[in-house]
Amino acid sequence: MYHSYKEVLKQVGLNIVYYRKEKNLTQLELAEKVNISNTYLSQIECGLVKKFVSLPVLIDISNALDISISELFMFKQ
């Protein structure tokens, strides 16, 4: 199944929100753990990143959330 870049970004963002809330973390707390700004994290979570999200940032986010990176890409149908 084909997913557009925007669809993937939106779903990854939703997954980050889900796991962040599951861990009872605020955006600011997660951003600090990952060493990115909370504004950038907000853009990632909303799927509004202008260019792209780097793989190292996604790995850092998944590590901070104590999940595998593949869980960020598990999309609900």
# chains A, B, ... in the order shown; residues from 1 in each chain; ligands from 1
>>> closest_atom_pairs(of="segment 37-76 of chain A", to="segment 2-21 of chain A", cutoff="6 Å", atoms="only C-alpha atoms", output="tab-separated table")
residue	atom	partner	partner_atom	distance
A:Ile44	CA	A:Gly13	CA	5.5
A:Glu45	CA	A:Gly13	CA	3.6
A:Cys46	CA	A:Gly13	CA	5.7
A:Gly47	CA	A:Lys10	CA	4.2
A:Leu72	CA	A:Val12	CA	5.3
A:Phe73	CA	A:Val12	CA	5.9
>>> residues_around(residues="Val57 of chain A", least_positions_apart="6", cutoff="10 Å", atoms="only C-alpha atoms", output="JSON, numbers by chain")
{"A": [34, 35, 36, 41, 63]}
>>> residues_around(residues="Ala64 of chain A", least_positions_apart="6", cutoff="10 Å", atoms="only C-alpha atoms", output="number ranges by chain")
A: 20, 23, 29-34, 58
>>> write_last_selection(atoms="N, CA and C atoms", output="PDB file, in the first residue's frame")
ATOM      1  N   ARG A  20       4.062   9.148  23.964  1.00  0.00           N
ATOM      2  CA  ARG A  20       4.472  10.187  24.914  1.00  0.00           C
ATOM      3  C   ARG A  20       3.467  10.294  26.051  1.00  0.00           C
ATOM      4  N   LYS A  23       3.562   7.446  28.468  1.00  0.00           N
ATOM      5  CA  LYS A  23       4.677   7.567  29.418  1.00  0.00           C
ATOM      6  C   LYS A  23       4.509   8.779  30.343  1.00  0.00           C
ATOM      7  N   GLU A  29       9.177  17.852  28.207  1.00  0.00           N
ATOM      8  CA  GLU A  29      10.002  16.800  28.817  1.00  0.00           C
ATOM      9  C   GLU A  29      10.613  15.891  27.759  1.00  0.00           C
ATOM     10  N   LEU A  30       9.795  15.481  26.781  1.00  0.00           N
ATOM     11  CA  LEU A  30      10.320  14.618  25.722  1.00  0.00           C
ATOM     12  C   LEU A  30      11.349  15.367  24.878  1.00  0.00           C
ATOM     13  N   ALA A  31      11.065  16.605  24.549  1.00  0.00           N
ATOM     14  CA  ALA A  31      11.996  17.400  23.752  1.00  0.00           C
ATOM     15  C   ALA A  31      13.339  17.521  24.461  1.00  0.00           C
ATOM     16  N   GLU A  32      13.311  17.734  25.762  1.00  0.00           N
ATOM     17  CA  GLU A  32      14.554  17.840  26.525  1.00  0.00           C
ATOM     18  C   GLU A  32      15.322  16.522  26.519  1.00  0.00           C
ATOM     19  N   LYS A  33      14.608  15.401  26.629  1.00  0.00           N
ATOM     20  CA  LYS A  33      15.260  14.086  26.595  1.00  0.00           C
ATOM     21  C   LYS A  33      15.937  13.839  25.240  1.00  0.00           C
ATOM     22  N   VAL A  34      15.325  14.371  24.174  1.00  0.00           N
ATOM     23  CA  VAL A  34      15.813  14.125  22.820  1.00  0.00           C
ATOM     24  C   VAL A  34      16.781  15.230  22.370  1.00  0.00           C
ATOM     25  N   LEU A  58      14.372  10.480  15.003  1.00  0.00           N
ATOM     26  CA  LEU A  58      13.345   9.469  15.255  1.00  0.00           C
ATOM     27  C   LEU A  58      13.879   8.362  16.162  1.00  0.00           C
TER      28      LEU A  58
END
>>> select_by_dssp(residues="chain A", states="helix (DSSP H, G or I)", output="NGL selection string")
:A and (5-22 or 27-34 or 38-46 or 55-64 or 69-72)
>>> write_last_selection(atoms="N, CA and C atoms", output="compact mmCIF listing (two decimals), in the first residue's frame")
# COMPACT_ATOMS: atom_id res chain seq x y z
N TYR A 5 4.15 11.05 1.67
CA TYR A 5 5.05 11.55 2.70
C TYR A 5 4.27 12.24 3.81
N LYS A 6 3.30 13.06 3.45
CA LYS A 6 2.49 13.77 4.44
C LYS A 6 1.69 12.82 5.31
N GLU A 7 1.15 11.76 4.71
CA GLU A 7 0.40 10.77 5.48
C GLU A 7 1.31 10.06 6.49
N VAL A 8 2.51 9.73 6.06
CA VAL A 8 3.46 9.05 6.94
C VAL A 8 3.85 9.97 8.09
N LEU A 9 4.17 11.23 7.78
CA LEU A 9 4.53 12.18 8.84
C LEU A 9 3.41 12.35 9.85
N LYS A 10 2.19 12.44 9.36
CA LYS A 10 1.04 12.62 10.25
C LYS A 10 0.88 11.41 11.17
N GLN A 11 0.98 10.21 10.62
CA GLN A 11 0.81 9.00 11.43
C GLN A 11 1.95 8.82 12.43
N VAL A 12 3.17 9.07 11.99
CA VAL A 12 4.31 8.99 12.91
C VAL A 12 4.10 9.98 14.06
N GLY A 13 3.66 11.18 13.73
CA GLY A 13 3.38 12.19 14.76
C GLY A 13 2.33 11.73 15.75
N LEU A 14 1.26 11.15 15.23
CA LEU A 14 0.20 10.63 16.11
C LEU A 14 0.72 9.52 17.01
N ASN A 15 1.58 8.68 16.47
CA ASN A 15 2.16 7.61 17.27
C ASN A 15 3.07 8.17 18.37
N ILE A 16 3.83 9.20 18.05
CA ILE A 16 4.68 9.83 19.07
C ILE A 16 3.81 10.40 20.19
N VAL A 17 2.73 11.09 19.83
CA VAL A 17 1.82 11.63 20.84
C VAL A 17 1.28 10.51 21.72
N TYR A 18 0.85 9.43 21.09
CA TYR A 18 0.28 8.30 21.84
C TYR A 18 1.28 7.76 22.86
N TYR A 19 2.49 7.45 22.41
CA TYR A 19 3.48 6.87 23.32
C TYR A 19 3.99 7.89 24.34
N ARG A 20 4.06 9.15 23.96
CA ARG A 20 4.47 10.19 24.91
C ARG A 20 3.47 10.29 26.05
N LYS A 21 2.20 10.31 25.70
CA LYS A 21 1.15 10.40 26.72
C LYS A 21 1.10 9.13 27.56
N GLU A 22 1.35 7.99 26.93
CA GLU A 22 1.38 6.72 27.66
C GLU A 22 2.47 6.74 28.74
N GLN A 27 5.35 17.53 26.14
CA GLN A 27 6.19 17.79 24.96
C GLN A 27 7.55 18.32 25.39
N LEU A 28 7.54 19.22 26.35
CA LEU A 28 8.80 19.81 26.81
C LEU A 28 9.72 18.75 27.41
N GLU A 29 9.18 17.85 28.21
CA GLU A 29 10.00 16.80 28.82
C GLU A 29 10.61 15.89 27.76
N LEU A 30 9.79 15.48 26.78
CA LEU A 30 10.32 14.62 25.72
C LEU A 30 11.35 15.37 24.88
N ALA A 31 11.06 16.60 24.55
CA ALA A 31 12.00 17.40 23.75
C ALA A 31 13.34 17.52 24.46
N GLU A 32 13.31 17.73 25.76
CA GLU A 32 14.55 17.84 26.53
C GLU A 32 15.32 16.52 26.52
N LYS A 33 14.61 15.40 26.63
CA LYS A 33 15.26 14.09 26.59
C LYS A 33 15.94 13.84 25.24
N VAL A 34 15.33 14.37 24.17
CA VAL A 34 15.81 14.13 22.82
C VAL A 34 16.78 15.23 22.37
N ASN A 38 10.98 22.12 21.93
CA ASN A 38 9.60 21.65 22.04
C ASN A 38 8.78 22.13 20.84
N THR A 39 9.17 23.24 20.21
CA THR A 39 8.49 23.71 19.00
C THR A 39 8.67 22.70 17.86
N TYR A 40 9.90 22.21 17.72
CA TYR A 40 10.18 21.21 16.68
C TYR A 40 9.42 19.92 16.97
N LEU A 41 9.41 19.49 18.23
CA LEU A 41 8.65 18.28 18.59
C LEU A 41 7.18 18.47 18.28
N SER A 42 6.65 19.63 18.57
CA SER A 42 5.25 19.92 18.27
C SER A 42 4.98 19.80 16.77
N GLN A 43 5.89 20.32 15.96
CA GLN A 43 5.73 20.22 14.51
C GLN A 43 5.78 18.76 14.06
N ILE A 44 6.66 17.97 14.65
CA ILE A 44 6.75 16.55 14.31
C ILE A 44 5.43 15.86 14.67
N GLU A 45 4.94 16.11 15.88
CA GLU A 45 3.72 15.46 16.34
C GLU A 45 2.51 15.84 15.49
N CYS A 46 2.50 17.05 14.97
CA CYS A 46 1.37 17.50 14.15
C CYS A 46 1.54 17.19 12.67
N LEU A 55 16.42 10.49 10.58
CA LEU A 55 16.39 9.19 11.23
C LEU A 55 17.01 9.25 12.63
N PRO A 56 18.14 9.94 12.82
CA PRO A 56 18.68 10.03 14.19
C PRO A 56 17.70 10.64 15.19
N VAL A 57 16.92 11.64 14.77
CA VAL A 57 15.93 12.24 15.68
C VAL A 57 14.84 11.22 16.00
N LEU A 58 14.37 10.48 15.00
CA LEU A 58 13.35 9.47 15.26
C LEU A 58 13.88 8.36 16.16
N ILE A 59 15.14 7.99 15.99
CA ILE A 59 15.74 6.98 16.86
C ILE A 59 15.82 7.52 18.29
N ASP A 60 16.24 8.77 18.45
CA ASP A 60 16.32 9.37 19.78
C ASP A 60 14.94 9.45 20.44
N ILE A 61 13.92 9.78 19.66
CA ILE A 61 12.55 9.84 20.20
C ILE A 61 12.11 8.45 20.64
N SER A 62 12.33 7.45 19.79
CA SER A 62 11.91 6.09 20.17
C SER A 62 12.66 5.60 21.39
N ASN A 63 13.96 5.92 21.50
CA ASN A 63 14.73 5.54 22.68
C ASN A 63 14.20 6.23 23.94
N ALA A 64 13.89 7.52 23.82
CA ALA A 64 13.37 8.27 24.97
C ALA A 64 12.01 7.74 25.41
N ILE A 69 11.87 1.69 17.13
CA ILE A 69 11.56 2.68 16.10
C ILE A 69 10.45 2.18 15.18
N SER A 70 10.36 0.88 15.00
CA SER A 70 9.32 0.34 14.13
C SER A 70 7.91 0.65 14.65
N GLU A 71 7.79 0.82 15.98
CA GLU A 71 6.47 1.15 16.54
C GLU A 71 5.99 2.53 16.09
N LEU A 72 6.91 3.41 15.75
CA LEU A 72 6.51 4.72 15.24
C LEU A 72 5.87 4.61 13.86
>>> decode(residues="segment 19-44 of chain A", atoms="N, CA, C and O atoms", output="mmCIF file, in the first residue's frame")
data_model
loop_
_atom_site.group_PDB
_atom_site.id
_atom_site.type_symbol
_atom_site.label_atom_id
_atom_site.label_comp_id
_atom_site.auth_asym_id
_atom_site.auth_seq_id
_atom_site.Cartn_x
_atom_site.Cartn_y
_atom_site.Cartn_z
ATOM 1 N N TYR A 19 2.493 7.453 22.413
ATOM 2 C CA TYR A 19 3.482 6.867 23.316
ATOM 3 C C TYR A 19 3.990 7.887 24.343
ATOM 4 O O TYR A 19 4.289 7.524 25.481
ATOM 5 N N ARG A 20 4.062 9.148 23.964
ATOM 6 C CA ARG A 20 4.472 10.187 24.914
ATOM 7 C C ARG A 20 3.467 10.294 26.051
ATOM 8 O O ARG A 20 3.836 10.329 27.228
ATOM 9 N N LYS A 21 2.198 10.311 25.700
ATOM 10 C CA LYS A 21 1.152 10.397 26.723
ATOM 11 C C LYS A 21 1.098 9.128 27.561
ATOM 12 O O LYS A 21 0.833 9.186 28.765
ATOM 13 N N GLU A 22 1.348 7.988 26.935
ATOM 14 C CA GLU A 22 1.381 6.718 27.659
ATOM 15 C C GLU A 22 2.472 6.742 28.742
ATOM 16 O O GLU A 22 2.326 6.118 29.791
ATOM 17 N N LYS A 23 3.562 7.446 28.468
ATOM 18 C CA LYS A 23 4.677 7.567 29.418
ATOM 19 C C LYS A 23 4.509 8.779 30.343
ATOM 20 O O LYS A 23 5.398 9.086 31.131
ATOM 21 N N ASN A 24 3.368 9.469 30.239
ATOM 22 C CA ASN A 24 3.080 10.654 31.054
ATOM 23 C C ASN A 24 4.154 11.728 30.922
ATOM 24 O O ASN A 24 4.575 12.329 31.916
ATOM 25 N N LEU A 25 4.579 11.959 29.692
ATOM 26 C CA LEU A 25 5.564 13.002 29.413
ATOM 27 C C LEU A 25 4.895 14.172 28.712
ATOM 28 O O LEU A 25 4.011 13.983 27.880
ATOM 29 N N THR A 26 5.335 15.380 29.048
ATOM 30 C CA THR A 26 4.895 16.550 28.300
ATOM 31 C C THR A 26 5.767 16.672 27.059
ATOM 32 O O THR A 26 6.825 16.029 26.956
ATOM 33 N N GLN A 27 5.350 17.530 26.144
ATOM 34 C CA GLN A 27 6.187 17.786 24.960
ATOM 35 C C GLN A 27 7.548 18.321 25.392
ATOM 36 O O GLN A 27 8.577 17.918 24.844
ATOM 37 N N LEU A 28 7.543 19.218 26.353
ATOM 38 C CA LEU A 28 8.797 19.810 26.812
ATOM 39 C C LEU A 28 9.722 18.753 27.407
ATOM 40 O O LEU A 28 10.921 18.737 27.117
ATOM 41 N N GLU A 29 9.177 17.852 28.207
ATOM 42 C CA GLU A 29 10.002 16.800 28.817
ATOM 43 C C GLU A 29 10.613 15.891 27.759
ATOM 44 O O GLU A 29 11.800 15.558 27.824
ATOM 45 N N LEU A 30 9.795 15.481 26.781
ATOM 46 C CA LEU A 30 10.320 14.618 25.722
ATOM 47 C C LEU A 30 11.349 15.367 24.878
ATOM 48 O O LEU A 30 12.406 14.824 24.564
ATOM 49 N N ALA A 31 11.065 16.605 24.549
ATOM 50 C CA ALA A 31 11.996 17.400 23.752
ATOM 51 C C ALA A 31 13.339 17.521 24.461
ATOM 52 O O ALA A 31 14.393 17.404 23.826
ATOM 53 N N GLU A 32 13.311 17.734 25.762
ATOM 54 C CA GLU A 32 14.554 17.840 26.525
ATOM 55 C C GLU A 32 15.322 16.522 26.519
ATOM 56 O O GLU A 32 16.544 16.524 26.389
ATOM 57 N N LYS A 33 14.608 15.401 26.629
ATOM 58 C CA LYS A 33 15.260 14.086 26.595
ATOM 59 C C LYS A 33 15.937 13.839 25.240
ATOM 60 O O LYS A 33 16.959 13.177 25.164
ATOM 61 N N VAL A 34 15.325 14.371 24.174
ATOM 62 C CA VAL A 34 15.813 14.125 22.820
ATOM 63 C C VAL A 34 16.781 15.230 22.370
ATOM 64 O O VAL A 34 17.443 15.097 21.348
ATOM 65 N N ASN A 35 16.827 16.306 23.149
ATOM 66 C CA ASN A 35 17.695 17.444 22.842
ATOM 67 C C ASN A 35 17.266 18.177 21.565
ATOM 68 O O ASN A 35 18.079 18.494 20.698
ATOM 69 N N ILE A 36 15.948 18.375 21.453
ATOM 70 C CA ILE A 36 15.380 19.184 20.382
ATOM 71 C C ILE A 36 14.448 20.205 21.035
ATOM 72 O O ILE A 36 14.090 20.056 22.205
ATOM 73 N N SER A 37 14.061 21.224 20.302
ATOM 74 C CA SER A 37 13.147 22.213 20.879
ATOM 75 C C SER A 37 11.743 21.628 20.966
ATOM 76 O O SER A 37 11.359 20.765 20.164
ATOM 77 N N ASN A 38 10.980 22.123 21.929
ATOM 78 C CA ASN A 38 9.598 21.648 22.036
ATOM 79 C C ASN A 38 8.777 22.128 20.840
ATOM 80 O O ASN A 38 7.809 21.488 20.448
ATOM 81 N N THR A 39 9.170 23.237 20.208
ATOM 82 C CA THR A 39 8.492 23.707 18.995
ATOM 83 C C THR A 39 8.674 22.695 17.863
ATOM 84 O O THR A 39 7.716 22.376 17.158
ATOM 85 N N TYR A 40 9.901 22.206 17.716
ATOM 86 C CA TYR A 40 10.176 21.206 16.677
ATOM 87 C C TYR A 40 9.421 19.915 16.966
ATOM 88 O O TYR A 40 8.819 19.324 16.065
ATOM 89 N N LEU A 41 9.408 19.489 18.231
ATOM 90 C CA LEU A 41 8.655 18.283 18.587
ATOM 91 C C LEU A 41 7.181 18.466 18.276
ATOM 92 O O LEU A 41 6.535 17.570 17.737
ATOM 93 N N SER A 42 6.649 19.631 18.571
ATOM 94 C CA SER A 42 5.247 19.916 18.268
ATOM 95 C C SER A 42 4.977 19.796 16.772
ATOM 96 O O SER A 42 3.963 19.226 16.351
ATOM 97 N N GLN A 43 5.889 20.323 15.961
ATOM 98 C CA GLN A 43 5.734 20.218 14.507
ATOM 99 C C GLN A 43 5.775 18.758 14.056
ATOM 100 O O GLN A 43 5.006 18.359 13.178
ATOM 101 N N ILE A 44 6.662 17.974 14.651
ATOM 102 C CA ILE A 44 6.747 16.547 14.309
ATOM 103 C C ILE A 44 5.435 15.856 14.674
ATOM 104 O O ILE A 44 4.863 15.118 13.873
#
